[in-house]
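Peer 1: Please see the structure below; I have some questions.
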Amino acid sequence: MSEEAPRSGAPQRVLSIDALRGFDMALLMGGAAALIGVSRALGLDSIAEVLAEQTEHPEWNGFTAWDLVFPLFLFLAGASMPFSFAKRRASGETRGALVRHAVMRGAALVALGVVYNGFFGSHLFAEDGRELRYASVLGRIGLAWMLAAFAVIALPRTKALVGVLVGCLALHSALLLGVPAPGLDGVSLAPGETFPDWIDSRIVPGRLHRTVRDPEGLVGVIPAVGTALLGVLAGRWIQSGRGESRPRGVGATSGPLALAGAALLAVSYGADAAGLPINKNLWTASFVAHAGGWSLLLLALFHLAFDGLRLERLGAFFQVLGANSILVYLVSAFVSWSGLAEVVFALALRNGRLAQDFVPLAGFLLQWLVFYGLWRRRIFLRV
């Protein structure tokens, strides 16, 4: 990877990054449920069972495909950063303006996360004592992306960013493995008994998602910065290949991405075996490596398919979702697309209910059509 932040001579949109973000959102917005339903409708119950297992989070340690959706989105937010910052610098923005942009974006995502958690549907402090939850997925993304942006602005050299990444993971690991929670005789990695959990229980406002801990607590932002910075490094690698006087081939770019992904997976399994479990709840360093490894492998595949083979029609299908990713996520908190699809298709067919196995697919397609309409009219929620 290049030592300096690459120049901005290359086009600023990368189809592979946009398409992969859309693919990530497709899984989240019902694409996975649609695949399960169609598999059952076709009598492929064993496949449906495997898919269903992969759409459940492990209770504590472990990793399923569903655990990749969140960190992949944060990884891609980091991967987009070199391109968006290059565009802003080319338009004359100063470092101060970039810092202000990072702060405003981070704060907006934190606020939207609180809205997603039900800010307008409940009092801040309800009469029965239940408090609003302030920690959120969007809040974790906003804070981690913002801090990663600060690092990129202050430390343009790639080696320095690698140092920040390693430092974040080392600090969080030291808190987990080296500092016992007050009141315990020794270090524990059990739910609610880690030192980061203890810190979160005292500094995170509102209620915690798991009463004594929160998977989106503040301490977990530290290693999440590492996830965002992994994306930044991957984005720089793609950007540098596009910006050279003789751009390297897509294969020469995607190959190292895939090798780096495989190496991170190996590191994650080694760390897990050594006593640092792959754990999304704690966002452990081994989880960062594991999710980062899969993210790099997927980006390598999408880079080869969409930036190399230029599968633009398929790319556009995913771009419809990726272009409005925050809005897709927010709307899901207020709209049951499957329920709406049952009503729409029942009216359209005039003969009652849609076959139950096809309801998730109908909901997914209905949602896609709505966001396709917004995409055609260039209506986006920009944060």
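Just remember, in the structure tokens the first chain shown is A, the second B, etc., residues are 1-based per chain, and ligands are 1-based in the order shown.
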Can I get the residues of range 132-216 of chain A within 10 Å of range 275-292 of chain A, each with the closest pair of atoms and their distance in Å to one decimal, using only C-alpha atoms, sorted chain first then ascending number, as a Markdown table?

Peer 2:
| residue | atom | partner | partner_atom | distance |
| --- | --- | --- | --- | --- |
| A:Val166 | CA | A:Ala285 | CA | 9.2 |
| A:Cys168 | CA | A:Ala285 | CA | 8.8 |
| A:Leu169 | CA | A:Ala285 | CA | 5.3 |
| A:Ala170 | CA | A:Ala285 | CA | 7.7 |
| A:Leu171 | CA | A:Ala285 | CA | 9.7 |
| A:His172 | CA | A:Thr284 | CA | 7.5 |
| A:Ser173 | CA | A:Ala285 | CA | 6.6 |
| A:Leu176 | CA | A:Thr284 | CA | 8.5 |
| A:Leu177 | CA | A:Leu276 | CA | 8.1 |
| A:Leu189 | CA | A:Pro277 | CA | 8.9 |
| A:Pro191 | CA | A:Asn281 | CA | 8.7 |
| A:Thr194 | CA | A:Leu282 | CA | 8.9 |
| A:Pro196 | CA | A:Leu282 | CA | 8.2 |
| A:Asp197 | CA | A:Leu282 | CA | 8.4 |
| A:Arg213 | CA | A:Asn281 | CA | 9.1 |
| A:Asp214 | CA | A:Asn281 | CA | 7.7 |
| A:Pro215 | CA | A:Asn281 | CA | 4.6 |
| A:Glu216 | CA | A:Asn281 | CA | 7.7 |

Peer 1: Mind dumping the selected residues with N, CA and C atoms as a short mmCIF file (atom, residue, chain, number, x, y, z; two decimals), in the first residue's frame?

Peer 2:
data_model
loop_
_atom_site.label_atom_id
_atom_site.label_comp_id
_atom_site.auth_asym_id
_atom_site.auth_seq_id
_atom_site.Cartn_x
_atom_site.Cartn_y
_atom_site.Cartn_z
N VAL A 166 -3.45 -1.06 15.25
CA VAL A 166 -2.88 -2.03 16.19
C VAL A 166 -3.01 -1.52 17.62
N CYS A 168 -5.31 0.47 18.90
CA CYS A 168 -6.70 0.34 19.36
C CYS A 168 -7.00 -1.09 19.80
N LEU A 169 -6.57 -2.05 18.99
CA LEU A 169 -6.84 -3.45 19.33
C LEU A 169 -6.05 -3.88 20.56
N ALA A 170 -4.82 -3.39 20.69
CA ALA A 170 -3.99 -3.74 21.85
C ALA A 170 -4.58 -3.14 23.13
N LEU A 171 -5.04 -1.90 23.06
CA LEU A 171 -5.62 -1.26 24.24
C LEU A 171 -6.86 -2.00 24.70
N HIS A 172 -7.74 -2.31 23.76
CA HIS A 172 -8.98 -3.01 24.15
C HIS A 172 -8.67 -4.40 24.69
N SER A 173 -7.73 -5.10 24.08
CA SER A 173 -7.36 -6.43 24.56
C SER A 173 -6.76 -6.36 25.96
N LEU A 176 -9.54 -6.03 28.40
CA LEU A 176 -10.28 -7.28 28.56
C LEU A 176 -9.51 -8.32 29.36
N LEU A 177 -8.25 -8.49 28.99
CA LEU A 177 -7.47 -9.61 29.52
C LEU A 177 -6.60 -9.23 30.72
N LEU A 189 -14.21 -13.18 31.31
CA LEU A 189 -14.75 -12.84 30.00
C LEU A 189 -16.20 -13.27 29.87
N PRO A 191 -20.35 -12.83 30.26
CA PRO A 191 -21.23 -11.69 30.00
C PRO A 191 -21.46 -10.83 31.23
N THR A 194 -16.85 -8.35 32.36
CA THR A 194 -15.59 -7.82 31.85
C THR A 194 -15.41 -6.38 32.31
N PRO A 196 -14.55 -3.75 30.42
CA PRO A 196 -15.31 -2.84 29.55
C PRO A 196 -16.80 -2.83 29.88
N ASP A 197 -17.39 -3.98 30.21
CA ASP A 197 -18.80 -3.99 30.60
C ASP A 197 -19.02 -3.15 31.86
N ARG A 213 -24.94 -5.03 30.49
CA ARG A 213 -23.97 -4.77 29.43
C ARG A 213 -24.71 -4.32 28.19
N ASP A 214 -23.97 -3.76 27.24
CA ASP A 214 -24.57 -3.36 25.98
C ASP A 214 -23.60 -3.68 24.85
N PRO A 215 -24.01 -4.48 23.85
CA PRO A 215 -23.10 -4.83 22.76
C PRO A 215 -22.66 -3.63 21.92
N GLU A 216 -23.36 -2.50 22.05
CA GLU A 216 -22.95 -1.28 21.35
C GLU A 216 -22.49 -0.21 22.34
#

Peer 1: Could you pull the residues within 9 Å of Ser295 in chain A, counting only C-alpha atoms, minus those fewer than 3 positions along the same chain, as JSON, numbers by chain?

Peer 2: {"A": [68, 71, 72, 75, 76, 231, 261, 290, 291, 292, 298, 299, 300]}

Peer 1: Would you output that residue set with C-alpha atoms, as an mmCIF file, in the first residue's frame?

Peer 2:
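Okay, result.cif is ready:
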data_model
loop_
_atom_site.group_PDB
_atom_site.id
_atom_site.type_symbol
_atom_site.label_atom_id
_atom_site.label_comp_id
_atom_site.auth_asym_id
_atom_site.auth_seq_id
_atom_site.Cartn_x
_atom_site.Cartn_y
_atom_site.Cartn_z
ATOM 1 C CA LEU A 68 -20.719 -9.869 9.545
ATOM 2 C CA PRO A 71 -18.859 -4.737 10.838
ATOM 3 C CA LEU A 72 -18.967 -5.041 7.040
ATOM 4 C CA PHE A 75 -15.581 -1.510 7.059
ATOM 5 C CA LEU A 76 -17.160 -0.141 3.865
ATOM 6 C CA GLY A 231 -11.621 -0.390 5.455
ATOM 7 C CA GLY A 261 -8.324 -11.380 4.158
ATOM 8 C CA HIS A 290 -12.276 -12.343 11.650
ATOM 9 C CA ALA A 291 -14.899 -9.897 10.367
ATOM 10 C CA GLY A 292 -12.148 -7.918 8.626
ATOM 11 C CA LEU A 298 -15.868 -10.094 -0.181
ATOM 12 C CA LEU A 299 -14.395 -6.786 -1.326
ATOM 13 C CA ALA A 300 -11.816 -8.656 -3.418
#

Peer 1: Report as JSON, numbers by chain: the residues of range 155-361 of chain A with a DSSP assignment of alpha helix (DSSP H), based on the backbone of this structure.

Peer 2: {"A": [158, 159, 160, 161, 162, 163, 164, 165, 166, 167, 168, 169, 170, 171, 172, 173, 174, 175, 176, 177, 178, 195, 196, 197, 198, 199, 200, 201, 202, 203, 221, 222, 223, 224, 225, 226, 227, 228, 229, 230, 231, 232, 233, 234, 235, 236, 237, 238, 239, 240, 241, 242, 243, 250, 251, 252, 253, 254, 255, 256, 257, 258, 259, 260, 261, 262, 263, 264, 265, 266, 267, 268, 269, 270, 271, 272, 273, 285, 286, 287, 288, 289, 290, 291, 292, 293, 294, 295, 296, 297, 298, 299, 300, 301, 302, 312, 313, 314, 315, 316, 317, 318, 319, 320, 321, 322, 325, 326, 327, 328, 329, 330, 331, 337, 338, 339, 340, 341, 342, 343, 344, 345, 346, 347, 348, 349, 359, 360, 361]}

Peer 1: So that I can see what lies close to range 103-118 of chain A, please list as a list in words the residues with an atom at most 8 Å from it, counting only C-alpha atoms and leaving out residues fewer than 5 positions away in the same chain.

Peer 2: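 My reading of the contact set: Leu132, Arg133, Tyr134, Ala135, Ser136, Val137, Leu138, Gly139, Arg140, Ile141, Gly142, Leu143, Trp145, Met146, Leu330, Ala333 and Val383 of chain A.
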
Peer 1: Go ahead and compute the interatomic distance for CA of Leu28 in chain A and CA of Leu369 in chain A, in Å to one decimal.

Peer 2: 16.0 Å
